Every structure is written in C-alpha cells, then in structure tokens.
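**Student:** First the structure, then my questions, so here it is.
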Amino acid sequence: MYKRRFNKLLGKAWYGNKYAIENLDKNLRPAIFATALIYLKTEKAAEEISKKVVSEIIKYKSAPVREPFRWIDEMIRNDCTDYLKLQEETTPYESAADHVICDSGLNFIGQFKVIDCLNIFDEKEQIILVDRLFWQCSFIMISKMRGIPYITVMSEFRKIKKRLKNFLTL
C-alpha cells in the first residue's frame, strides 16, 4: 500500500468510514500477521498481535504518517516484545513458543500456512521474505529499514525464492 493511499484511508478510518477500516484491515492484517509470526513463532499470538496493531492503526489520529512501513513495523515489534514479556511473567516454566498453534485461516500459498513456509528459513531470511512479499517493499527500502546492504538483500531474496519454490513443489 502506498503512503498517500495509506494516509487517506487512515484519515477516513479515524472518522469511522467502514470502507476505509475494512480496506486497511484487508490490506494490512496479513502482512502484520506474518511479521508478528517471525517474532512470536505461534499463530495464536501473531493473530492476537495483528488484531491489536490494526486497531491501533485505525485509532491513530495525528499528522499523516511519513513512513507507514517503519511506523507499523515499530508498533509490531513493541507489541510483540510486550506480549513476550507478559508471557514470561505469567508462564515462567514454558516459553511463548510452546503454546498451541491455532488455525488462523491466513494461507500463504495453496494449502501451506504461513508458519509452514517461514519455518524453513532463518530469522534474517524470514524478515526479507515478509518485507518483500507481504509488505511489498522494494529491495532498497528493505536495505534501508533493516540495515542490510542492497546487494545482500537481492541475493538473499533470490535464494529464498529458490528454497520456497522447492518447498512448495514437494
């Protein structure tokens, strides 16, 4: 979603425009879910965070957001960190990753769920994959956001595509 369209929908959503709210939810939730899944490793937790972040976005009313991707990514990271801290406080003997994985209904490709596809990559590759496929970021934007050289992002994404293609054809 482009910055101008995002800010226009954000302004309308704050005033209660149902079309804008539904459009923001439809366009952002899968990307937010996939990003949260990288940090939390469970679909139940990622679904909870994605709902929370979308509601935070819709409630936001201030000047237009200059860099929506960074703003949303920071919100996701903060909410995931808070969630993990809360889990550590309430369940000291088990990690958040030990919770039951539920079916969120968000498919990645065909019958494979997002978690099935993300588990075959390390965290750096997961972030590049989610940024490129779900957030539809350019290689340059990923490079700037993540502090990874542009050439590295491109070459990593080529490797990711090959591994993902092999995984999906099994």
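Simple scheme: letters A, B, ... for chains in structure tokens order, numbers from 1 for residues in each chain, numbers from 1 for ligands in the order shown.
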Assign secondary structure with DSSP using the backbone only, and return the residues of chain A in alpha helix (DSSP H) as a PyMOL selection string.
**Tutor:** chain A and resi 3-14+18-40+43-59+68-90+114-118+123-133+139-146+150-168
**Student:** What does the distance from CA of Glu125 (chain A) to CA of Pro149 (chain A) come to in Å, to one decimal?
**Tutor:**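 Rounded to one decimal, the two atoms are 13.7 Å apart.
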**Student:** Would you write out, as a Markdown table, a table of all residues in region 58-80 of chain A that have an atom no more than 7 Å from an atom of region 8-18 of chain A, listing for each the closest atom pair and the distance in Å to one decimal, considering only C-alpha atoms and ordering rows by chain and rising residue number?
**Tutor:**
```
| residue | atom | partner | partner_atom | distance |
| --- | --- | --- | --- | --- |
| A:Ile58 | CA | A:Ala13 | CA | 5.8 |
| A:Lys59 | CA | A:Trp14 | CA | 5.8 |
| A:Tyr60 | CA | A:Trp14 | CA | 6.8 |
| A:Lys61 | CA | A:Trp14 | CA | 6.5 |
```
**Student:** Can you tell me, as a VMD selection string, what residues are no more than 10 Å from Phe134 (chain A) when counting only C-alpha atoms, ignoring any on the same chain fewer than 2 positions away?
**Tutor:** chain A and resid 27 to 35 108 128 to 132 136 to 137
**Student:** Kindly export the residues of the current selection with N, CA, C and O atoms, as a JSON list (two decimals), in the first residue's frame.
**Tutor:**
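The resulting file, selection.json, is reproduced below:
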```
[["chain", "number", "residue", "atom", "x", "y", "z"],
["A", 27, "ASN", "N", -5.84, -5.07, 3.77],
["A", 27, "ASN", "CA", -4.51, -4.90, 3.17],
["A", 27, "ASN", "C", -3.37, -5.07, 4.17],
["A", 27, "ASN", "O", -2.29, -5.48, 3.78],
["A", 28, "LEU", "N", -3.60, -4.75, 5.43],
["A", 28, "LEU", "CA", -2.51, -4.75, 6.39],
["A", 28, "LEU", "C", -2.42, -6.02, 7.25],
["A", 28, "LEU", "O", -1.33, -6.43, 7.62],
["A", 29, "ARG", "N", -3.55, -6.60, 7.57],
["A", 29, "ARG", "CA", -3.53, -7.71, 8.52],
["A", 29, "ARG", "C", -2.64, -8.89, 8.10],
["A", 29, "ARG", "O", -1.88, -9.40, 8.92],
["A", 30, "PRO", "N", -2.67, -9.37, 6.85],
["A", 30, "PRO", "CA", -1.79, -10.48, 6.50],
["A", 30, "PRO", "C", -0.30, -10.15, 6.68],
["A", 30, "PRO", "O", 0.47, -10.97, 7.15],
["A", 31, "ALA", "N", 0.08, -8.93, 6.33],
["A", 31, "ALA", "CA", 1.48, -8.53, 6.48],
["A", 31, "ALA", "C", 1.85, -8.39, 7.95],
["A", 31, "ALA", "O", 2.94, -8.80, 8.37],
["A", 32, "ILE", "N", 0.96, -7.83, 8.73],
["A", 32, "ILE", "CA", 1.22, -7.68, 10.17],
["A", 32, "ILE", "C", 1.29, -9.06, 10.82],
["A", 32, "ILE", "O", 2.17, -9.33, 11.64],
["A", 33, "PHE", "N", 0.38, -9.95, 10.44],
["A", 33, "PHE", "CA", 0.38, -11.31, 10.96],
["A", 33, "PHE", "C", 1.70, -12.01, 10.66],
["A", 33, "PHE", "O", 2.32, -12.60, 11.55],
["A", 34, "ALA", "N", 2.15, -11.93, 9.42],
["A", 34, "ALA", "CA", 3.39, -12.61, 9.03],
["A", 34, "ALA", "C", 4.59, -12.03, 9.77],
["A", 34, "ALA", "O", 5.48, -12.77, 10.19],
["A", 35, "THR", "N", 4.62, -10.72, 9.94],
["A", 35, "THR", "CA", 5.73, -10.09, 10.65],
["A", 35, "THR", "C", 5.71, -10.49, 12.12],
["A", 35, "THR", "O", 6.75, -10.84, 12.69],
["A", 108, "PHE", "N", -0.72, -18.96, 2.98],
["A", 108, "PHE", "CA", 0.41, -18.33, 2.29],
["A", 108, "PHE", "C", 0.31, -18.64, 0.81],
["A", 108, "PHE", "O", 0.07, -17.79, 0.00],
["A", 128, "ILE", "N", 13.26, -10.71, 5.40],
["A", 128, "ILE", "CA", 13.35, -10.28, 4.00],
["A", 128, "ILE", "C", 12.14, -10.79, 3.21],
["A", 128, "ILE", "O", 11.53, -10.04, 2.44],
["A", 129, "LEU", "N", 11.77, -12.04, 3.43],
["A", 129, "LEU", "CA", 10.62, -12.63, 2.74],
["A", 129, "LEU", "C", 9.32, -11.89, 3.07],
["A", 129, "LEU", "O", 8.57, -11.52, 2.16],
["A", 130, "VAL", "N", 9.08, -11.65, 4.32],
["A", 130, "VAL", "CA", 7.85, -10.96, 4.73],
["A", 130, "VAL", "C", 7.85, -9.52, 4.23],
["A", 130, "VAL", "O", 6.83, -9.04, 3.71],
["A", 131, "ASP", "N", 8.98, -8.84, 4.35],
["A", 131, "ASP", "CA", 9.05, -7.46, 3.87],
["A", 131, "ASP", "C", 8.77, -7.38, 2.37],
["A", 131, "ASP", "O", 8.08, -6.48, 1.91],
["A", 132, "ARG", "N", 9.29, -8.31, 1.63],
["A", 132, "ARG", "CA", 9.14, -8.28, 0.16],
["A", 132, "ARG", "C", 7.75, -8.75, -0.28],
["A", 132, "ARG", "O", 7.09, -8.09, -1.08],
["A", 136, "GLN", "N", 5.39, -5.73, 0.43],
["A", 136, "GLN", "CA", 5.68, -5.31, -0.94],
["A", 136, "GLN", "C", 6.70, -4.18, -0.98],
["A", 136, "GLN", "O", 6.57, -3.21, -1.72],
["A", 137, "CYS", "N", 7.73, -4.33, -0.15],
["A", 137, "CYS", "CA", 8.80, -3.33, -0.09],
["A", 137, "CYS", "C", 9.80, -3.58, -1.22],
["A", 137, "CYS", "O", 10.04, -4.72, -1.60]]
```
**Student:** Which residues come within 9 Å of Glu123 (chain A), counting only C-alpha atoms, excluding same-chain residues fewer than 5 positions away, as a short mmCIF file (atom, residue, chain, number, x, y, z; two decimals) with N, CA, C and O atoms, in the first residue's frame?
**Tutor:**
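File written: result.cif
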```cif
data_model
loop_
_atom_site.label_atom_id
_atom_site.label_comp_id
_atom_site.auth_asym_id
_atom_site.auth_seq_id
_atom_site.Cartn_x
_atom_site.Cartn_y
_atom_site.Cartn_z
N ILE A 38 7.06 -14.00 12.80
CA ILE A 38 8.52 -14.13 12.86
C ILE A 38 9.01 -13.97 14.29
O ILE A 38 9.85 -14.73 14.76
N TYR A 39 8.47 -13.00 14.99
CA TYR A 39 8.92 -12.71 16.35
C TYR A 39 8.34 -13.67 17.38
O TYR A 39 9.00 -14.02 18.34
N LEU A 118 7.50 -20.20 6.68
CA LEU A 118 8.52 -19.40 7.38
C LEU A 118 9.49 -20.27 8.15
O LEU A 118 10.66 -19.90 8.31
N ILE A 128 13.26 -10.71 5.40
CA ILE A 128 13.35 -10.28 4.00
C ILE A 128 12.14 -10.79 3.21
O ILE A 128 11.53 -10.04 2.44
#
```
**Student:** With distances taken over only C-alpha atoms, which residue among A:Leu40, A:Phe167, A:Asp73, A:Met154 lies nearest Lys85 (chain A)?
**Tutor:**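 Looking only at the distances to Lys85 (chain A), the closest residue turns out to be A:Leu40.
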**Student:** With distances taken over only C-alpha atoms, which residue among A:Ala45, A:Leu133, A:Ile120, A:Ala36 lies nearest Ile76 (chain A)?
**Tutor:**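 Of all the options, A:Ala36 lies closest to Ile76 (chain A).
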**Student:** Mind the document's chain letters and residue numbers, and return as a list in words the residues of chain A that DSSP labels strand (DSSP E).
**Tutor:**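 For chain A, the strand (DSSP E) set is Asn107, Phe108, Ile109, Phe112 and Lys113 of chain A.
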**Student:** Between CA of Leu37 (chain A) and CA of Asn7 (chain A), what is the spacing in Å?
**Tutor:**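 CA of Leu37 (chain A) lies 25.5 Å from CA of Asn7 (chain A).
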**Student:** May I have the residues within 12 Å of Tyr150 (chain A) as a list in words, using only C-alpha atoms and disregarding those fewer than 6 positions away in the same chain?
**Tutor:**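 My list of contacting residues is Ile128, Ser138, Phe139, Ile140, Met141, Ile142, Ser143, Lys144, Glu156 and Phe157 of chain A.
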**Student:** For the residues in the current selection, export all heavy atoms as a tab-separated table (two decimals), in the first residue's frame.
**Tutor:**
```
chain	number	residue	atom	x	y	z
A	128	ILE	N	13.26	-10.71	5.40
A	128	ILE	CA	13.35	-10.28	4.00
A	128	ILE	C	12.14	-10.79	3.21
A	128	ILE	O	11.53	-10.04	2.44
A	128	ILE	CB	14.67	-10.75	3.35
A	128	ILE	CG1	15.86	-10.00	3.97
A	128	ILE	CG2	14.65	-10.56	1.83
A	128	ILE	CD1	17.22	-10.52	3.56
A	138	SER	N	10.38	-2.52	-1.70
A	138	SER	CA	11.45	-2.66	-2.68
A	138	SER	C	12.71	-3.13	-1.97
A	138	SER	O	12.82	-3.04	-0.75
A	138	SER	CB	11.71	-1.31	-3.37
A	138	SER	OG	12.24	-0.39	-2.43
A	139	PHE	N	13.67	-3.61	-2.74
A	139	PHE	CA	14.94	-4.04	-2.16
A	139	PHE	C	15.65	-2.88	-1.47
A	139	PHE	O	16.27	-3.05	-0.43
A	139	PHE	CB	15.85	-4.65	-3.22
A	139	PHE	CG	15.34	-5.95	-3.79
A	139	PHE	CD1	15.24	-6.14	-5.15
A	139	PHE	CD2	14.94	-6.98	-2.96
A	139	PHE	CE1	14.77	-7.33	-5.67
A	139	PHE	CE2	14.47	-8.17	-3.46
A	139	PHE	CZ	14.37	-8.36	-4.82
A	140	ILE	N	15.53	-1.70	-2.04
A	140	ILE	CA	16.16	-0.51	-1.46
A	140	ILE	C	15.54	-0.20	-0.10
A	140	ILE	O	16.26	0.08	0.87
A	140	ILE	CB	16.04	0.70	-2.41
A	140	ILE	CG1	16.84	0.45	-3.68
A	140	ILE	CG2	16.47	1.98	-1.73
A	140	ILE	CD1	16.63	1.48	-4.77
A	141	MET	N	14.21	-0.27	-0.02
A	141	MET	CA	13.54	0.02	1.25
A	141	MET	C	13.92	-1.00	2.31
A	141	MET	O	14.19	-0.64	3.47
A	141	MET	CB	12.03	0.04	1.06
A	141	MET	CG	11.28	0.42	2.33
A	141	MET	SD	9.49	0.35	2.13
A	141	MET	CE	9.22	1.90	1.30
A	142	ILE	N	13.96	-2.27	1.94
A	142	ILE	CA	14.36	-3.32	2.89
A	142	ILE	C	15.79	-3.06	3.36
A	142	ILE	O	16.10	-3.18	4.54
A	142	ILE	CB	14.24	-4.72	2.25
A	142	ILE	CG1	12.78	-5.03	1.93
A	142	ILE	CG2	14.81	-5.79	3.18
A	142	ILE	CD1	12.57	-6.28	1.09
A	143	SER	N	16.65	-2.70	2.44
A	143	SER	CA	18.05	-2.42	2.76
A	143	SER	C	18.16	-1.29	3.78
A	143	SER	O	18.88	-1.41	4.78
A	143	SER	CB	18.81	-2.06	1.48
A	143	SER	OG	20.09	-1.63	1.78
A	144	LYS	N	17.44	-0.21	3.55
A	144	LYS	CA	17.48	0.94	4.47
A	144	LYS	C	16.87	0.60	5.82
A	144	LYS	O	17.40	0.96	6.86
A	144	LYS	CB	16.76	2.13	3.86
A	144	LYS	CG	17.51	2.77	2.72
A	144	LYS	CD	16.72	3.95	2.16
A	144	LYS	CE	17.44	4.56	0.96
A	144	LYS	NZ	16.64	5.64	0.37
A	156	GLU	N	19.95	-12.62	-1.23
A	156	GLU	CA	19.21	-13.43	-0.26
A	156	GLU	C	17.80	-13.74	-0.76
A	156	GLU	O	17.31	-14.85	-0.61
A	156	GLU	CB	19.12	-12.71	1.10
A	156	GLU	CG	20.40	-12.68	1.88
A	156	GLU	CD	20.81	-14.03	2.42
A	156	GLU	OE1	19.93	-14.81	2.84
A	156	GLU	OE2	22.02	-14.31	2.41
A	157	PHE	N	17.15	-12.74	-1.37
A	157	PHE	CA	15.80	-12.97	-1.87
A	157	PHE	C	15.79	-13.98	-3.01
A	157	PHE	O	14.87	-14.79	-3.10
A	157	PHE	CB	15.14	-11.66	-2.30
A	157	PHE	CG	13.67	-11.83	-2.59
A	157	PHE	CD1	12.78	-12.05	-1.56
A	157	PHE	CD2	13.20	-11.80	-3.89
A	157	PHE	CE1	11.42	-12.22	-1.81
A	157	PHE	CE2	11.85	-11.97	-4.15
A	157	PHE	CZ	10.96	-12.19	-3.11
```
**Student:** Considering only C-alpha atoms, return as a list in words whatever protein or nucleic-acid residues lie within 12 Å of Glu67 (chain A), sequence-local ones (same chain, fewer than 4 positions apart) excluded.
**Tutor:**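 Within the cut-off, the hits are Met1, Tyr2, Lys3, Arg4, Phe6, Asn7, Ala63, Trp71, Ile72, Asp73, Glu74, Cys137, Met141 and Met145 of chain A.
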